[in-house]
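File shown: coords.txt. Contents: compact mmCIF, C-alpha atoms and all ligand atoms.
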```
# COMPACT_ATOMS: atom_id res chain seq x y z
CA MET A 1 -35.90 -60.36 56.97
CA SER A 2 -34.29 -57.86 54.65
CA GLU A 3 -34.71 -54.03 54.80
CA PRO A 4 -37.15 -52.48 52.26
CA THR A 5 -35.30 -51.07 49.24
CA PRO A 6 -35.34 -47.23 49.28
CA PRO A 7 -36.59 -45.44 46.14
CA PRO A 8 -33.82 -44.52 43.66
CA VAL A 9 -32.16 -41.21 44.51
CA THR A 10 -31.48 -38.84 41.62
CA SER A 11 -28.44 -36.58 41.83
CA GLY A 12 -28.77 -32.82 42.32
CA ALA A 13 -31.06 -30.84 44.52
CA SER A 14 -33.25 -29.75 41.64
CA ALA A 15 -33.49 -33.11 40.02
CA GLY A 16 -37.03 -33.57 41.17
CA ALA A 17 -38.07 -30.23 39.72
CA GLY A 18 -36.46 -30.93 36.29
CA PRO A 19 -39.32 -32.60 34.45
CA ALA A 20 -41.81 -30.08 35.79
CA ARG A 21 -39.66 -27.17 34.66
CA ARG A 22 -39.13 -28.66 31.21
CA GLU A 23 -42.84 -29.13 30.91
CA SER A 24 -43.60 -25.55 31.87
CA SER A 25 -40.97 -24.14 29.49
CA ALA A 26 -42.38 -26.29 26.68
CA VAL A 27 -45.79 -24.86 27.39
CA ALA A 28 -44.31 -21.35 27.36
CA ARG A 29 -42.60 -22.03 24.01
CA GLN A 30 -45.77 -23.40 22.60
CA SER A 31 -47.76 -20.38 23.65
CA SER A 32 -45.15 -17.93 22.30
CA THR A 33 -45.00 -19.65 18.88
CA ALA A 34 -48.66 -20.25 18.59
CA PRO A 35 -50.30 -18.13 15.86
CA ALA A 36 -52.21 -15.15 17.06
CA THR A 37 -55.85 -15.99 17.24
CA THR A 38 -58.06 -13.96 15.01
CA ALA A 39 -61.70 -13.49 15.41
CA PRO A 40 -63.56 -16.34 13.71
CA GLY A 41 -64.81 -15.44 10.25
CA LYS A 42 -62.67 -12.26 10.04
CA ARG A 43 -60.16 -11.99 7.09
CA SER A 44 -57.57 -9.31 6.36
CA SER A 45 -58.65 -9.24 2.70
CA TRP A 46 -61.61 -10.52 0.77
CA LEU A 47 -59.28 -11.73 -2.04
CA PRO A 48 -58.18 -15.36 -2.08
CA GLY A 49 -54.61 -16.06 -1.01
CA PRO A 50 -53.02 -16.48 -4.48
CA ALA A 51 -54.60 -13.24 -5.68
CA GLN A 52 -53.17 -11.42 -2.65
CA GLY A 53 -49.70 -12.75 -3.52
CA PHE A 54 -49.90 -11.68 -7.15
CA GLY A 55 -51.25 -8.32 -6.01
CA VAL A 56 -47.77 -7.46 -4.77
CA THR A 57 -46.36 -8.36 -8.18
CA PHE A 58 -48.90 -6.30 -10.09
CA ALA A 59 -48.50 -3.31 -7.79
CA THR A 60 -44.72 -3.40 -8.28
CA MET A 61 -45.12 -3.51 -12.08
CA PHE A 62 -46.58 -0.02 -12.08
CA LYS A 63 -44.05 1.56 -9.74
CA LYS A 64 -41.21 3.76 -11.05
CA VAL A 65 -38.31 1.60 -12.19
CA THR A 66 -35.10 2.20 -10.25
CA THR A 67 -32.84 -0.07 -12.31
CA GLU A 68 -29.45 1.51 -13.07
CA GLU A 69 -28.35 0.95 -16.65
CA TYR A 70 -24.71 1.24 -15.71
CA PRO A 71 -22.26 1.14 -17.48
CA GLU A 72 -24.26 1.96 -20.64
CA VAL A 73 -25.67 5.02 -18.86
CA PRO A 74 -23.01 6.44 -16.51
CA LYS A 75 -24.23 7.24 -13.02
CA GLN A 76 -24.36 10.91 -12.14
CA THR A 77 -22.93 11.44 -8.67
CA LYS A 78 -23.63 14.31 -6.32
CA PRO A 79 -21.37 17.31 -6.96
CA ARG A 80 -19.39 16.80 -3.73
CA TYR A 81 -19.02 13.02 -4.14
CA HIS A 82 -15.62 11.78 -2.92
CA GLY A 83 -14.05 9.98 -5.84
CA ARG A 84 -10.56 9.60 -7.25
CA HIS A 85 -8.02 12.16 -6.09
CA VAL A 86 -6.51 14.88 -8.25
CA LEU A 87 -3.22 16.72 -7.79
CA ASN A 88 -3.93 20.22 -9.06
CA ARG A 89 -1.75 22.70 -10.88
CA HIS A 90 -1.25 26.43 -10.80
CA PRO A 91 -2.49 28.31 -13.87
CA ASP A 92 1.00 28.26 -15.39
CA GLY A 93 1.22 24.47 -15.04
CA LEU A 94 3.45 24.29 -11.93
CA GLU A 95 2.33 21.77 -9.34
CA LYS A 96 0.53 22.93 -6.21
CA CYS A 97 1.94 20.06 -4.16
CA VAL A 98 4.90 21.10 -2.01
CA GLY A 99 5.69 17.62 -0.71
CA CYS A 100 4.83 18.48 2.91
CA GLU A 101 3.33 15.01 3.63
CA LEU A 102 0.48 16.46 5.71
CA CYS A 103 -2.00 14.46 3.65
CA ALA A 104 -0.11 11.25 4.39
CA TRP A 105 -0.09 12.01 8.13
CA ALA A 106 -3.79 12.81 8.12
CA CYS A 107 -4.77 9.61 6.33
CA PRO A 108 -6.31 7.11 8.79
CA ALA A 109 -5.78 4.22 6.37
CA ASP A 110 -2.11 4.92 5.67
CA ALA A 111 -2.94 5.00 1.97
CA ILE A 112 -0.72 7.91 0.88
CA TYR A 113 3.01 7.83 0.30
CA VAL A 114 4.90 11.08 -0.38
CA GLU A 115 8.54 11.85 -0.92
CA GLY A 116 9.45 15.53 -1.15
CA GLY A 117 12.14 16.83 -3.45
CA ASP A 118 14.01 20.15 -3.70
CA ASN A 119 13.24 22.57 -6.51
CA THR A 120 16.22 24.17 -8.21
CA GLU A 121 16.33 27.07 -10.61
CA ASP A 122 17.18 24.60 -13.36
CA ALA A 123 14.39 22.17 -12.51
CA ARG A 124 11.36 23.78 -10.87
CA PHE A 125 8.16 21.78 -10.41
CA SER A 126 6.34 23.97 -7.87
CA PRO A 127 6.59 27.61 -6.76
CA GLY A 128 8.06 26.85 -3.32
CA GLU A 129 11.26 25.26 -2.13
CA ARG A 130 10.03 21.72 -2.43
CA TYR A 131 7.67 19.63 -4.50
CA GLY A 132 6.19 16.17 -4.35
CA ALA A 133 8.82 14.06 -6.10
CA VAL A 134 7.03 10.80 -5.39
CA TYR A 135 3.31 10.66 -4.72
CA GLN A 136 1.23 7.51 -4.47
CA ILE A 137 -2.28 6.69 -3.27
CA ASN A 138 -3.13 3.08 -2.57
CA TYR A 139 -6.77 2.60 -3.51
CA LEU A 140 -6.79 -0.83 -1.89
CA ARG A 141 -6.57 1.04 1.41
CA CYS A 142 -8.34 4.34 0.74
CA ILE A 143 -11.78 4.68 2.32
CA PHE A 144 -12.53 8.01 0.57
CA CYS A 145 -13.00 9.85 3.85
CA GLY A 146 -11.53 13.10 2.52
CA LEU A 147 -9.32 13.84 5.54
CA CYS A 148 -6.29 14.16 3.26
CA ILE A 149 -7.82 16.94 1.21
CA GLU A 150 -8.78 18.76 4.41
CA ALA A 151 -5.16 18.58 5.56
CA CYS A 152 -3.59 19.85 2.34
CA PRO A 153 -2.41 23.44 2.91
CA THR A 154 -2.12 24.37 -0.77
CA ARG A 155 -5.34 22.88 -2.13
CA SER A 156 -3.13 20.69 -4.24
CA LEU A 157 -5.03 17.56 -3.35
CA THR A 158 -8.73 17.45 -4.13
CA MET A 159 -11.19 14.69 -5.02
CA SER A 160 -13.00 14.25 -8.31
CA ASN A 161 -16.32 12.52 -8.96
CA ASP A 162 -14.66 9.59 -10.73
CA PHE A 163 -15.63 6.34 -9.01
CA GLU A 164 -14.62 3.82 -11.69
CA LEU A 165 -11.61 2.42 -9.86
CA ALA A 166 -12.27 -1.32 -9.85
CA ASP A 167 -9.44 -3.53 -11.10
CA ASP A 168 -8.30 -7.12 -10.79
CA ASP A 169 -4.65 -6.14 -10.43
CA ARG A 170 -3.54 -5.03 -6.96
CA GLN A 171 -0.51 -3.19 -8.30
CA ALA A 172 -2.68 -1.19 -10.72
CA LEU A 173 -4.66 0.19 -7.78
CA ILE A 174 -1.62 2.01 -6.41
CA TYR A 175 -1.96 5.26 -8.33
CA THR A 176 1.21 7.18 -9.09
CA LYS A 177 1.77 10.92 -9.28
CA GLU A 178 1.55 10.81 -13.07
CA GLN A 179 -1.90 9.21 -12.87
CA LEU A 180 -3.13 11.65 -10.23
CA MET A 181 -1.84 14.89 -11.77
CA ALA A 182 -4.49 17.15 -13.30
CA PRO A 183 -4.16 17.41 -17.08
CA LEU A 184 -2.52 20.44 -18.62
CA LEU A 185 -5.16 22.97 -19.62
CA PRO A 186 -4.71 25.59 -22.34
CA GLY A 187 -2.10 28.12 -21.21
CA MET A 188 -0.29 25.64 -18.96
CA GLU A 189 3.22 24.41 -19.47
CA GLN A 190 4.60 21.02 -18.48
CA PRO A 191 7.00 21.40 -15.49
CA PRO A 192 9.85 21.81 -14.90
CA HIS A 193 9.90 25.46 -15.87
CA PRO A 194 10.48 28.84 -14.13
CA MET A 195 7.72 30.60 -12.21
CA ARG A 196 5.54 32.51 -14.67
CA LEU A 197 3.11 34.17 -12.25
CA GLY A 198 5.56 36.09 -10.05
CA GLU A 199 8.96 36.22 -8.43
CA ASN A 200 8.22 34.06 -5.39
CA GLU A 201 5.63 31.69 -4.00
CA GLN A 202 3.75 34.59 -2.36
CA ASP A 203 2.67 35.60 -5.85
CA TYR A 204 1.09 32.17 -6.22
CA TYR A 205 -0.45 31.66 -2.79
CA VAL A 206 -1.20 35.10 -1.32
CA ARG A 207 -2.18 37.30 -4.22
CA ALA A 208 -5.88 37.20 -5.01
CA PRO A 209 -6.50 35.98 -8.53
CA GLN A 210 -7.29 38.75 -10.94
CA PRO A 211 -10.34 38.27 -13.19
CA GLY A 212 -9.23 37.26 -16.66
CA SER A 213 -5.61 36.77 -15.58
CA ALA A 214 -3.63 33.57 -15.75
CA ALA A 215 -3.87 33.32 -11.95
CA GLU A 216 -7.57 32.44 -11.90
CA PRO A 217 -8.48 29.16 -10.17
CA VAL A 218 -7.86 26.06 -12.20
CA VAL A 219 -10.93 25.14 -14.20
CA GLY A 220 -12.34 21.81 -13.16
CA GLU A 221 -10.77 21.85 -9.68
CA ARG A 222 -13.20 20.25 -7.28
CA ALA A 223 -13.46 19.81 -3.57
S1 LIG A 301 -9.63 9.82 1.37
FE1 LIG A 301 -9.17 9.21 3.50
S2 LIG A 301 -8.43 7.10 3.33
FE2 LIG A 301 -8.33 7.97 1.25
S3 LIG A 301 -6.25 8.75 1.05
FE3 LIG A 301 -7.51 10.46 1.80
S4 LIG A 301 -7.35 10.39 4.05
FE4 LIG A 301 -6.61 8.41 3.24
S1 LIG A 302 -0.89 16.98 -1.55
FE1 LIG A 302 -0.96 18.73 -0.14
S2 LIG A 302 -0.71 17.87 1.91
FE2 LIG A 302 -0.05 16.29 0.43
S3 LIG A 302 2.16 16.56 0.26
FE3 LIG A 302 1.21 17.76 -1.39
S4 LIG A 302 0.96 19.83 -0.52
FE4 LIG A 302 1.34 18.44 1.21
```
What would you get if you wrote out this structure as structure tokens?
Amino acid sequence: MSEPTPPPVTSGASAGAGPARRESSAVARQSSTAPATTAPGKRSSWLPGPAQGFGVTFATMFKKVTTEEYPEVPKQTKPRYHGRHVLNRHPDGLEKCVGCELCAWACPADAIYVEGGDNTEDARFSPGERYGAVYQINYLRCIFCGLCIEACPTRSLTMSNDFELADDDRQALIYTKEQLMAPLLPGMEQPPHPMRLGENEQDYYVRAPQPGSAAEPVVGERA
């Protein structure tokens, strides 16, 4: 007479508990996804559903429109908005940049490239010994954080409110010194030329500007 066949053994110590656990988790899922029960006969609104939906539309129609009509109507930024950089000039037209590269070192995005050059008496671009011979800002990298303008010791580098910098040419977004230089205002002279405001750079950087004199701050210079 043969031995009775034992019941099939399932692998794993928890095999027997598997179906029960799946069942309980299914119940838990069901209860968590089940809609919250509301009291019978109680509605959040007396309007029918479609009317409630269109109510949102009608309410929005009477709200103040926030659509920007840019570029037909240019956006007005806040006064201290960080836009395109400007390399400023002294009131006689000489450049404030002395080619020190502090802005390039301060830049966390490595977006600025500066090469300093030596001023000579025949070709003077700034009041000091040196000037920024090559100056570039890569607007593909710049994050407009403003750390470079904080680092500039001569207030040569500031930021304007101009934000229209988009382009489809990567090379065009590397701005050169010529593009960044502030325009010549009345009374300014295109460098190179001798120092007009004094004998040395102290006359440019230390002396307080006199009201009505040519040494007043450059009009339009912004932080
Ligand atoms: S604004 Fe910031 S990221 Fe742009 S050039 Fe200046 S330091 Fe670099
Ligand atoms: S912009 Fe200012 S910090 Fe940068 S190289 Fe010129 S003087 Fe130096």
Near-region 198-203 of chain A list (9 Å; all atoms listed in the file; drop same-chain fewer than 6 positions) as a JSON list (two decimals) with C-alpha atoms, keeping the file's coordinate frame:
```json
[["chain", "number", "residue", "atom", "x", "y", "z"],
["A", 126, "SER", "CA", 6.34, 23.97, -7.87],
["A", 127, "PRO", "CA", 6.59, 27.61, -6.76],
["A", 128, "GLY", "CA", 8.06, 26.85, -3.32],
["A", 129, "GLU", "CA", 11.26, 25.26, -2.13]]
```
Taking only C-alpha atoms and all ligand atoms and a cut-off of 7 Å, can you tell me which residues surround ligand LIG 301 (chain A), written as a PyMOL selection string? chain A and resi 103+106-112+137+141-149
Practice item. Skip His193 (chain A) itself and residues of its chain fewer than 2 positions away, then list as a list in words all residues within 12 Å of it, counting all atoms listed in the file. Key: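 Contacts, in chain order: Asp92, Gly93, Leu94, Glu95, Asn119, Thr120, Glu121, Asp122, Ala123, Arg124, Phe125, Ser126, Pro127, Met188, Glu189, Gln190, Pro191, Met195, Arg196 and Leu197 of chain A.
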When distances are computed from only C-alpha atoms, which of A:Gly99, A:Gly55, A:Gly49, A:Pro186 shows the smallest separation from Leu87 (chain A)?
->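 With only C-alpha atoms as the atom set, the closest residue is A:Gly99.
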Using all atoms listed in the file, which of the listed residues (A:Val206, A:Ala166, A:Met159, A:Leu173) sits closest to Val86 (chain A)?
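Ranked by minimum distance to Val86 (chain A), first place goes to A:Met159.
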Protein and nucleic residues near ligand LIG 302 (chain A), 7 Å, all atoms listed in the file, as a CSV table (one decimal) with C-alpha atoms, in the frame of the given file:
```
chain,number,residue,atom,x,y,z
A,87,LEU,CA,-3.2,16.7,-7.8
A,96,LYS,CA,0.5,22.9,-6.2
A,97,CYS,CA,1.9,20.1,-4.2
A,98,VAL,CA,4.9,21.1,-2.0
A,99,GLY,CA,5.7,17.6,-0.7
A,100,CYS,CA,4.8,18.5,2.9
A,101,GLU,CA,3.3,15.0,3.6
A,102,LEU,CA,0.5,16.5,5.7
A,103,CYS,CA,-2.0,14.5,3.6
A,104,ALA,CA,-0.1,11.2,4.4
A,114,VAL,CA,4.9,11.1,-0.4
A,132,GLY,CA,6.2,16.2,-4.4
A,148,CYS,CA,-6.3,14.2,3.3
A,151,ALA,CA,-5.2,18.6,5.6
A,152,CYS,CA,-3.6,19.8,2.3
A,153,PRO,CA,-2.4,23.4,2.9
A,154,THR,CA,-2.1,24.4,-0.8
A,155,ARG,CA,-5.3,22.9,-2.1
A,156,SER,CA,-3.1,20.7,-4.2
A,157,LEU,CA,-5.0,17.6,-3.4
```
Give, as lines of an AutoDock Vina configuration file, the centre coordinates and the x, y and z edge lengths in Å to one decimal for an axis-aligned box around all listed atoms of region 167-184 of chain A, padded by 5 Å on each side.
```
center_x = -3.8
center_y = 6.7
center_z = -12.5
size_x = 21.2
size_y = 37.6
size_z = 22.2
```
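Take CA of Glu115 (chain A) and CA of Asp168 (chain A): the distance between them is 27.2 Å.
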Could you tell me which of A:Lys63, A:Lys177, A:His85, A:Arg170 comes closest to Val134 (chain A) if we count all atoms listed in the file?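 Of the candidates, the smallest distance to Val134 (chain A) is held by A:Lys177.
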Taken to one decimal, the CA of Pro192 (chain A)-CA of Ala133 (chain A) distance is 11.8 Å
Query - Distance criterion (only C-alpha atoms): nearest to Gly83 (chain A) out of A:Phe58, A:Tyr175, A:Tyr131, A:Phe163 - result: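 Ranked by minimum distance to Gly83 (chain A), first place goes to A:Phe163.
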* **Top pick for closest residue to Arg80 (chain A), considering A:Pro48, A:Ala172, A:Pro183, A:Thr158 and counting only C-alpha atoms** =>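 Looking only at the distances to Arg80 (chain A), the closest residue turns out to be A:Thr158.
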One decimal, Å: what's the distance from CA of Tyr204 (chain A) over to CA of Arg89 (chain A), could you say?
->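 Distance between the two atoms: 10.9 Å.
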